[in-house]
$ cat data33.cif   # mmCIF, C-alpha atoms
data_run
#
loop_
_atom_site.label_atom_id
_atom_site.label_comp_id
_atom_site.auth_asym_id
_atom_site.auth_seq_id
_atom_site.Cartn_x
_atom_site.Cartn_y
_atom_site.Cartn_z
CA MET S 82 0.00 0.00 0.00
CA GLU S 83 1.28 3.48 -0.84
CA ARG S 84 2.24 6.00 1.83
CA VAL S 85 1.16 9.63 1.85
CA ASN S 86 2.99 12.72 3.00
CA ALA S 87 2.20 14.19 6.41
CA GLU S 88 0.89 17.39 4.85
CA ASP S 89 -1.74 15.37 2.96
CA TRP S 90 -3.07 13.50 6.01
CA TYR S 91 -5.72 15.93 7.33
CA SER S 92 -8.59 17.88 5.87
CA VAL S 93 -10.54 20.72 7.52
CA ARG S 94 -14.23 21.26 6.80
CA LYS S 95 -16.02 24.39 8.00
CA PHE S 96 -19.50 24.00 9.51
CA SER S 97 -19.72 27.55 10.81
CA ASP S 98 -17.38 30.33 11.88
CA GLU S 99 -16.97 28.52 15.18
CA ILE S 100 -17.09 24.78 14.35
CA ARG S 101 -14.76 22.84 12.08
CA LEU S 102 -14.41 19.13 11.39
CA ILE S 103 -10.85 17.84 11.10
CA SER S 104 -10.59 14.47 9.35
CA GLU S 105 -7.84 11.94 8.74
CA LEU S 106 -8.43 11.46 5.02
CA HIS S 107 -6.73 8.11 4.57
CA ILE S 108 -8.48 6.10 7.27
CA THR S 109 -11.53 4.10 6.18
CA GLU S 110 -14.82 5.70 7.16
CA PHE S 111 -15.76 3.22 9.89
CA TYR S 112 -12.52 3.86 11.80
CA ARG S 113 -12.15 7.57 10.97
CA CYS S 114 -12.80 9.64 14.08
CA ASN S 115 -14.44 13.04 13.72
CA ILE S 116 -12.15 15.61 15.33
CA TRP S 117 -14.25 18.64 16.28
CA HIS S 118 -12.60 22.04 16.68
CA ILE S 119 -14.76 24.64 18.44
CA ARG S 120 -13.75 28.30 18.58
CA GLY S 121 -14.46 30.27 21.74
CA SER S 122 -13.89 33.90 22.62
CA ARG S 123 -11.38 33.01 25.34
CA SER S 124 -10.18 29.54 24.36
CA ASP S 125 -10.89 26.75 21.91
CA ALA S 126 -11.88 23.13 22.40
CA LEU S 127 -10.80 20.07 20.48
CA ILE S 128 -13.14 17.13 20.94
CA ASP S 129 -11.02 14.05 20.26
CA SER S 130 -7.73 14.04 18.39
CA GLY S 131 -7.62 11.08 16.00
CA MET S 132 -5.10 8.26 15.81
CA GLY S 133 -1.98 10.34 16.30
CA VAL S 134 -0.12 8.85 13.34
CA VAL S 135 0.58 12.38 12.04
CA SER S 136 0.98 15.43 14.29
CA LEU S 137 -2.11 17.63 14.54
CA ARG S 138 -0.13 20.57 15.89
CA GLU S 139 2.34 20.47 13.01
CA GLN S 140 -0.12 19.89 10.18
CA VAL S 141 -3.27 21.79 11.26
CA PRO S 142 -2.34 25.38 12.28
CA LEU S 143 -5.96 25.94 13.33
CA VAL S 144 -5.32 24.11 16.60
CA THR S 145 -2.46 26.40 17.65
CA GLU S 146 -4.09 29.80 17.18
CA LYS S 147 -5.09 30.23 20.83
CA SER S 148 -5.29 28.37 24.14
CA LEU S 149 -7.01 25.05 23.56
CA VAL S 150 -8.40 22.25 25.71
CA ALA S 151 -8.31 18.74 24.24
CA VAL S 152 -11.35 16.78 25.40
CA ALA S 153 -11.56 13.01 25.14
CA SER S 154 -15.07 11.76 24.41
CA HIS S 155 -13.56 8.41 25.50
CA THR S 156 -10.16 6.73 25.34
CA HIS S 157 -10.20 4.37 22.36
CA PHE S 158 -7.15 4.68 20.09
CA ASP S 159 -8.92 6.50 17.26
CA HIS S 160 -9.96 9.35 19.57
CA ILE S 161 -6.92 10.22 21.71
CA GLY S 162 -3.85 9.74 19.53
CA CYS S 163 -2.77 13.40 19.57
CA HIS S 164 -3.89 14.34 23.07
CA HIS S 165 -0.28 14.29 24.26
CA GLU S 166 0.42 17.28 21.99
CA PHE S 167 -1.75 19.61 24.07
CA GLU S 168 -1.11 21.00 27.54
CA HIS S 169 -4.75 21.12 28.66
CA ARG S 170 -6.49 17.74 28.51
CA CYS S 171 -9.88 16.63 29.84
CA VAL S 172 -11.36 13.17 30.30
CA HIS S 173 -14.11 11.63 32.40
CA ALA S 174 -13.03 10.25 35.76
CA ALA S 175 -13.90 6.68 34.74
CA GLU S 176 -11.22 6.67 32.02
CA ALA S 177 -8.56 8.96 33.47
CA GLU S 178 -6.24 6.03 34.15
CA LEU S 179 -6.47 4.89 30.54
CA LEU S 180 -5.53 8.31 29.17
CA ALA S 181 -2.56 8.42 31.57
CA ALA S 182 -1.39 4.86 30.86
CA PRO S 183 -2.64 3.70 27.46
CA THR S 184 -1.75 0.29 26.06
CA ARG S 185 -2.52 -1.39 22.77
CA GLN S 186 -5.08 -3.50 24.60
CA ASN S 187 -6.92 -0.94 26.74
CA THR S 188 -7.26 1.53 23.84
CA LEU S 189 -8.43 -1.24 21.45
CA ALA S 190 -5.47 -0.71 19.11
CA ASP S 191 -5.08 -4.46 19.56
CA PRO S 192 -6.86 -6.02 17.68
CA TYR S 193 -8.23 -3.26 15.41
CA VAL S 194 -5.16 -1.44 14.12
CA ASN S 195 -3.76 -3.01 10.96
CA ASP S 196 -2.99 -1.82 7.45
CA GLU S 197 -6.53 -2.65 6.30
CA ILE S 198 -8.06 0.26 8.20
CA PHE S 199 -6.19 2.68 5.90
CA THR S 200 -6.75 3.61 2.27
CA ALA S 201 -3.12 4.83 2.21
CA LEU S 202 -0.55 4.42 4.95
CA PRO S 203 0.84 7.24 7.11
CA PRO S 204 4.40 8.33 6.38
CA LEU S 205 7.33 6.38 7.78
CA PRO S 206 8.26 5.42 10.44
CA TYR S 207 4.63 4.39 11.05
CA LEU S 208 4.02 0.62 11.34
CA SER S 209 0.68 -0.85 12.30
CA SER S 210 2.40 -3.65 14.23
CA THR S 211 4.01 -1.19 16.66
CA TYR S 212 1.39 1.57 16.74
CA ALA S 213 0.53 2.75 20.25
CA VAL S 214 -1.10 5.81 21.81
CA LYS S 215 1.19 8.02 23.88
CA ALA S 216 0.41 8.77 27.52
CA ALA S 217 -1.43 12.06 28.10
CA PRO S 218 -2.42 12.46 31.76
CA ALA S 219 -5.44 14.72 32.19
CA SER S 220 -5.08 18.23 33.53
CA ARG S 221 -8.80 18.20 34.40
CA ILE S 222 -11.03 15.31 35.39
CA LEU S 223 -14.63 15.60 34.24
CA VAL S 224 -17.87 14.34 35.77
CA ASP S 225 -21.49 14.60 34.71
CA GLY S 226 -22.75 18.18 34.75
CA ASP S 227 -19.36 19.86 34.52
CA VAL S 228 -19.06 22.79 32.11
CA ILE S 229 -16.20 23.51 29.75
CA ASP S 230 -16.17 27.31 29.52
CA LEU S 231 -14.76 28.76 26.30
CA GLY S 232 -15.87 32.30 27.10
CA ASN S 233 -18.85 32.82 24.82
CA ARG S 234 -19.58 29.10 24.60
CA GLN S 235 -20.51 26.69 27.37
CA LEU S 236 -20.22 22.94 26.81
CA GLU S 237 -22.00 20.81 29.42
CA VAL S 238 -20.67 17.33 30.09
CA ILE S 239 -23.22 14.52 29.79
CA HIS S 240 -21.81 11.22 31.06
CA THR S 241 -22.82 8.56 28.53
CA PRO S 242 -21.40 5.19 29.63
CA GLY S 243 -22.16 2.09 27.60
CA HIS S 244 -19.74 2.10 24.69
CA SER S 245 -17.08 2.64 27.34
CA PRO S 246 -17.33 3.51 31.05
CA GLY S 247 -16.12 7.10 30.73
CA GLY S 248 -17.83 8.10 27.52
CA ILE S 249 -19.16 11.64 27.41
CA ALA S 250 -21.21 13.87 25.14
CA LEU S 251 -20.96 17.66 25.19
CA TRP S 252 -24.15 19.73 25.05
CA GLU S 253 -24.33 23.39 24.09
CA SER S 254 -27.86 24.44 25.04
CA ALA S 255 -27.58 27.93 23.53
CA THR S 256 -27.24 26.49 20.03
CA GLU S 257 -28.93 23.13 20.71
CA THR S 258 -25.80 21.37 19.51
CA LEU S 259 -24.72 17.96 20.79
CA PHE S 260 -21.24 16.51 20.32
CA SER S 261 -22.16 12.90 20.96
CA GLY S 262 -18.90 10.97 20.84
CA ASP S 263 -19.36 7.26 20.15
CA ILE S 264 -22.50 6.56 22.16
CA VAL S 265 -24.66 7.52 19.14
CA TYR S 266 -23.93 8.53 15.56
CA ASP S 267 -25.38 7.83 12.12
CA GLY S 268 -23.65 4.52 11.46
CA PRO S 269 -23.08 1.06 12.99
CA LEU S 270 -22.85 1.46 16.76
CA ILE S 271 -20.29 -0.57 18.73
CA GLU S 272 -21.74 -2.22 21.81
CA ASP S 273 -19.28 -5.07 22.42
CA THR S 274 -15.97 -3.50 23.47
CA TYR S 275 -14.19 -5.16 26.39
CA HIS S 276 -15.53 -2.52 28.80
CA ALA S 277 -18.94 -1.92 27.25
CA ASN S 278 -22.03 -2.32 29.40
CA ALA S 279 -25.48 -3.05 27.97
CA GLU S 280 -27.48 -1.58 30.85
CA ASP S 281 -25.42 1.60 30.82
CA TYR S 282 -25.79 1.87 27.05
CA TYR S 283 -29.57 1.61 27.32
CA ALA S 284 -29.72 4.28 30.06
CA SER S 285 -27.49 6.64 28.06
CA MET S 286 -29.60 6.28 24.93
CA LYS S 287 -32.81 6.89 26.88
CA ARG S 288 -31.26 10.02 28.36
CA LEU S 289 -30.12 11.38 24.99
CA LEU S 290 -33.45 10.68 23.30
CA ASP S 291 -35.09 13.71 24.87
CA VAL S 292 -32.21 16.17 24.57
CA PRO S 293 -33.72 18.97 22.41
CA VAL S 294 -31.04 18.90 19.75
CA THR S 295 -30.99 20.85 16.53
CA THR S 296 -27.66 19.42 15.35
CA VAL S 297 -25.70 16.33 16.39
CA HIS S 298 -22.00 16.07 15.61
CA GLY S 299 -21.02 12.46 16.28
CA GLY S 300 -17.71 10.74 16.83
CA HIS S 301 -17.96 9.10 13.38
CA PHE S 302 -19.89 9.57 10.12
CA GLU S 303 -21.99 12.58 9.07
CA SER S 304 -23.78 15.09 11.29
CA TYR S 305 -27.58 15.10 11.45
CA GLY S 306 -30.60 16.84 12.91
CA ARG S 307 -33.34 16.30 15.48
CA GLU S 308 -35.60 13.94 13.55
CA ARG S 309 -32.73 11.66 12.57
CA HIS S 310 -31.39 11.75 16.14
CA ARG S 311 -34.66 10.53 17.56
CA GLN S 312 -35.07 7.97 14.78
CA ILE S 313 -31.64 6.44 15.40
CA ILE S 314 -32.22 6.11 19.13
CA ARG S 315 -35.82 4.87 18.87
CA GLU S 316 -34.87 2.20 16.33
CA TRP S 317 -31.97 1.14 18.57
CA LEU S 318 -34.23 0.93 21.62
CA ASP S 319 -36.87 -1.00 19.65
CA THR S 320 -34.37 -3.74 18.80
CA LEU S 321 -33.82 -4.59 22.46
#

$ encode --input "data33.cif" --output "structure tokens"
Amino acid sequence: MERVNAEDWYSVRKFSDEIRLISELHITEFYRCNIWHIRGSRSDALIDSGMGVVSLREQVPLVTEKSLVAVASHTHFDHIGCHHEFEHRCVHAAEAELLAAPTRQNTLADPYVNDEIFTALPPLPYLSSTYAVKAAPASRILVDGDVIDLGNRQLEVIHTPGHSPGGIALWESATETLFSGDIVYDGPLIEDTYHANAEDYYASMKRLLDVPVTTVHGGHFESYGRERHRQIIREWLDTL
């Protein structure tokens, strides 16, 4: 498989003056994490940081323009790979130890990371057989109801265990925008990770069903609106 240059790894898509989607172009869609950059008047937020096979700070100047907090929606390999590049890092209390001491096993890099998840390989010296997330101890531990204050934007933490014990979504009530992480998105949901919990997943989905969203930006796949949000969750609940 061919390798691509570092400068060709990321793309940036503008949703508004304040929200941008950063994508790792050469990862297959199922494994490609949505990296959400949110501009605030005082500081910015980065929700998740991708696999970390190419430096975000070096290749996406957007993330170095002002003070930034890197938030982990959860600690699977495809979401926290570049967290070590940022000074300010947030994660839910239930997964703080994983962010501080990641392994191939506890981040799910083993068994999922192999050459087949790419459409083109990252530049050398990357090797799938030795890929591992770097440690990035949190500077702030989050719990349900906490607020990440960006100045003119307030992101409320909603604890959404199920996919993983420390999964979170971020809710901005002023704009009715939900950054949902991996608990719900418009694609195949993963309910069988080593630390998934079916009862927690059900409770999280029930809780999110009635959040009055206008827009949902998920951890994977395309964003969607209120009707689709309720449809996804209701169909999921109906299968149980």

$ resolve_selection --input "data33.cif" --expression "the PyMOL selection byres ((chain S and resi 298-310) around 6)" --output "PyMOL selection string"
chain S and resi 114-115+260-263+266+294-297+311-313

$ write_last_selection --input "data33.cif" --atoms "C-alpha atoms" --output "compact mmCIF listing (two decimals), in the coordinates of the input"
# COMPACT_ATOMS: atom_id res chain seq x y z
CA CYS S 114 -12.80 9.64 14.08
CA ASN S 115 -14.44 13.04 13.72
CA PHE S 260 -21.24 16.51 20.32
CA SER S 261 -22.16 12.90 20.96
CA GLY S 262 -18.90 10.97 20.84
CA ASP S 263 -19.36 7.26 20.15
CA TYR S 266 -23.93 8.53 15.56
CA VAL S 294 -31.04 18.90 19.75
CA THR S 295 -30.99 20.85 16.53
CA THR S 296 -27.66 19.42 15.35
CA VAL S 297 -25.70 16.33 16.39
CA ARG S 311 -34.66 10.53 17.56
CA GLN S 312 -35.07 7.97 14.78
CA ILE S 313 -31.64 6.44 15.40

$ residues_around --input "data33.cif" --residues "Tyr112 (chain S)" --least-positions-apart "2" --cutoff "8 Å" --atoms "all atoms listed in the file" --output "list in words"
Ile108, Thr109, Glu110, Cys114, Asp159, Ile198 and His301 of chain S

$ write_last_selection --input "data33.cif" --atoms "C-alpha atoms" --output "JSON list (two decimals), keeping the file's coordinate frame"
[["chain", "number", "residue", "atom", "x", "y", "z"],
["S", 108, "ILE", "CA", -8.48, 6.10, 7.27],
["S", 109, "THR", "CA", -11.53, 4.10, 6.18],
["S", 110, "GLU", "CA", -14.82, 5.70, 7.16],
["S", 114, "CYS", "CA", -12.80, 9.64, 14.08],
["S", 159, "ASP", "CA", -8.92, 6.50, 17.26],
["S", 198, "ILE", "CA", -8.06, 0.26, 8.20],
["S", 301, "HIS", "CA", -17.96, 9.10, 13.38]]

$ closest_residue --input "data33.cif" --among "S:Glu146, S:Asp89, S:Glu237, S:Glu168" --to "Trp252 (chain S)" --atoms "only C-alpha atoms"
S:Glu237

$ resolve_selection --input "data33.cif" --expression "the PyMOL selection byres ((chain S and resi 93) around 9)" --output "PDB file with C-alpha atoms, keeping the file's coordinate frame"
ATOM      1  CA  TYR S  91      -5.720  15.930   7.330  1.00  0.00           C
ATOM      2  CA  SER S  92      -8.590  17.880   5.870  1.00  0.00           C
ATOM      3  CA  ARG S  94     -14.230  21.260   6.800  1.00  0.00           C
ATOM      4  CA  LYS S  95     -16.020  24.390   8.000  1.00  0.00           C
ATOM      5  CA  ARG S 101     -14.760  22.840  12.080  1.00  0.00           C
ATOM      6  CA  LEU S 102     -14.410  19.130  11.390  1.00  0.00           C
ATOM      7  CA  ILE S 103     -10.850  17.840  11.100  1.00  0.00           C
ATOM      8  CA  SER S 104     -10.590  14.470   9.350  1.00  0.00           C
ATOM      9  CA  VAL S 141      -3.270  21.790  11.260  1.00  0.00           C
TER      10      VAL S 141
END

$ atom_distance --input "data33.cif" --atom1 "CA of Asn233 (chain S)" --atom2 "CA of Ser124 (chain S)"
9.3 Å

$ resolve_selection --input "data33.cif" --expression "the PyMOL selection byres ((chain S and resi 148) around 9)" --output "list in words"
Arg123, Ser124, Asp125, Ala126, Val144, Thr145, Glu146, Lys147, Leu149, Val150 and His169 of chain S

$ closest_residue --input "data33.cif" --among "S:Val134, S:Leu231, S:Leu289, S:Gly121" --to "Phe199 (chain S)" --atoms "only C-alpha atoms"
S:Val134

$ build_atoms --input "data33.cif" --residues "region 224-256 of chain S" --atoms "N, CA and C atoms" --output "mmCIF file, keeping the file's coordinate frame"
data_model
loop_
_atom_site.group_PDB
_atom_site.id
_atom_site.type_symbol
_atom_site.label_atom_id
_atom_site.label_comp_id
_atom_site.auth_asym_id
_atom_site.auth_seq_id
_atom_site.Cartn_x
_atom_site.Cartn_y
_atom_site.Cartn_z
ATOM 1 N N VAL S 224 -16.749 15.154 35.318
ATOM 2 C CA VAL S 224 -17.870 14.340 35.770
ATOM 3 C C VAL S 224 -19.140 14.923 35.161
ATOM 4 N N ASP S 225 -20.208 14.172 35.266
ATOM 5 C CA ASP S 225 -21.490 14.600 34.710
ATOM 6 C C ASP S 225 -21.893 15.963 35.254
ATOM 7 N N GLY S 226 -22.303 16.858 34.354
ATOM 8 C CA GLY S 226 -22.750 18.180 34.750
ATOM 9 C C GLY S 226 -21.688 19.254 34.751
ATOM 10 N N ASP S 227 -20.427 18.866 34.627
ATOM 11 C CA ASP S 227 -19.360 19.860 34.520
ATOM 12 C C ASP S 227 -19.565 20.710 33.260
ATOM 13 N N VAL S 228 -18.967 21.890 33.264
ATOM 14 C CA VAL S 228 -19.060 22.790 32.110
ATOM 15 C C VAL S 228 -17.658 23.157 31.650
ATOM 16 N N ILE S 229 -17.430 23.036 30.364
ATOM 17 C CA ILE S 229 -16.200 23.510 29.750
ATOM 18 C C ILE S 229 -16.493 24.905 29.196
ATOM 19 N N ASP S 230 -15.870 25.894 29.795
ATOM 20 C CA ASP S 230 -16.170 27.310 29.520
ATOM 21 C C ASP S 230 -15.153 27.857 28.522
ATOM 22 N N LEU S 231 -15.622 28.202 27.331
ATOM 23 C CA LEU S 231 -14.760 28.760 26.300
ATOM 24 C C LEU S 231 -14.895 30.278 26.200
ATOM 25 N N GLY S 232 -15.608 30.865 27.134
ATOM 26 C CA GLY S 232 -15.870 32.300 27.100
ATOM 27 C C GLY S 232 -17.284 32.557 26.660
ATOM 28 N N ASN S 233 -17.501 32.612 25.361
ATOM 29 C CA ASN S 233 -18.850 32.820 24.820
ATOM 30 C C ASN S 233 -19.587 31.519 24.559
ATOM 31 N N ARG S 234 -18.950 30.391 24.837
ATOM 32 C CA ARG S 234 -19.580 29.100 24.600
ATOM 33 C C ARG S 234 -19.420 28.247 25.848
ATOM 34 N N GLN S 235 -20.495 27.532 26.189
ATOM 35 C CA GLN S 235 -20.510 26.690 27.370
ATOM 36 C C GLN S 235 -20.892 25.275 26.948
ATOM 37 N N LEU S 236 -19.988 24.338 27.188
ATOM 38 C CA LEU S 236 -20.220 22.940 26.810
ATOM 39 C C LEU S 236 -20.440 22.127 28.079
ATOM 40 N N GLU S 237 -21.651 21.595 28.228
ATOM 41 C CA GLU S 237 -22.000 20.810 29.420
ATOM 42 C C GLU S 237 -21.678 19.339 29.197
ATOM 43 N N VAL S 238 -21.037 18.733 30.169
ATOM 44 C CA VAL S 238 -20.670 17.330 30.090
ATOM 45 C C VAL S 238 -21.872 16.450 30.443
ATOM 46 N N ILE S 239 -22.215 15.546 29.537
ATOM 47 C CA ILE S 239 -23.220 14.520 29.790
ATOM 48 C C ILE S 239 -22.495 13.170 29.814
ATOM 49 N N HIS S 240 -22.465 12.527 30.964
ATOM 50 C CA HIS S 240 -21.810 11.220 31.060
ATOM 51 C C HIS S 240 -22.674 10.196 30.335
ATOM 52 N N THR S 241 -22.079 9.510 29.361
ATOM 53 C CA THR S 241 -22.820 8.560 28.530
ATOM 54 C C THR S 241 -22.106 7.209 28.509
ATOM 55 N N PRO S 242 -22.054 6.502 29.632
ATOM 56 C CA PRO S 242 -21.400 5.190 29.630
ATOM 57 C C PRO S 242 -22.186 4.194 28.788
ATOM 58 N N GLY S 243 -21.522 3.130 28.406
ATOM 59 C CA GLY S 243 -22.160 2.090 27.600
ATOM 60 C C GLY S 243 -21.201 1.567 26.558
ATOM 61 N N HIS S 244 -20.799 2.438 25.647
ATOM 62 C CA HIS S 244 -19.740 2.100 24.690
ATOM 63 C C HIS S 244 -18.430 1.907 25.431
ATOM 64 N N SER S 245 -18.214 2.749 26.424
ATOM 65 C CA SER S 245 -17.080 2.640 27.340
ATOM 66 C C SER S 245 -17.502 3.306 28.647
ATOM 67 N N PRO S 246 -16.838 3.011 29.759
ATOM 68 C CA PRO S 246 -17.330 3.510 31.050
ATOM 69 C C PRO S 246 -17.241 5.015 31.228
ATOM 70 N N GLY S 247 -16.294 5.665 30.564
ATOM 71 C CA GLY S 247 -16.120 7.100 30.730
ATOM 72 C C GLY S 247 -16.520 7.901 29.529
ATOM 73 N N GLY S 248 -17.374 7.360 28.690
ATOM 74 C CA GLY S 248 -17.830 8.100 27.520
ATOM 75 C C GLY S 248 -18.616 9.332 27.913
ATOM 76 N N ILE S 249 -18.408 10.411 27.160
ATOM 77 C CA ILE S 249 -19.160 11.640 27.410
ATOM 78 C C ILE S 249 -19.672 12.214 26.094
ATOM 79 N N ALA S 250 -20.749 12.982 26.202
ATOM 80 C CA ALA S 250 -21.210 13.870 25.140
ATOM 81 C C ALA S 250 -21.104 15.284 25.681
ATOM 82 N N LEU S 251 -21.012 16.249 24.790
ATOM 83 C CA LEU S 251 -20.960 17.660 25.190
ATOM 84 C C LEU S 251 -22.168 18.383 24.592
ATOM 85 N N TRP S 252 -22.897 19.086 25.444
ATOM 86 C CA TRP S 252 -24.150 19.730 25.050
ATOM 87 C C TRP S 252 -24.026 21.240 25.186
ATOM 88 N N GLU S 253 -24.291 21.938 24.075
ATOM 89 C CA GLU S 253 -24.330 23.390 24.090
ATOM 90 C C GLU S 253 -25.788 23.819 23.941
ATOM 91 N N SER S 254 -26.421 24.149 25.056
ATOM 92 C CA SER S 254 -27.860 24.440 25.040
ATOM 93 C C SER S 254 -28.185 25.687 24.243
ATOM 94 N N ALA S 255 -27.291 26.673 24.222
ATOM 95 C CA ALA S 255 -27.580 27.930 23.530
ATOM 96 C C ALA S 255 -27.796 27.726 22.037
ATOM 97 N N THR S 256 -27.102 26.765 21.458
ATOM 98 C CA THR S 256 -27.240 26.490 20.030
ATOM 99 C C THR S 256 -27.921 25.153 19.761
#
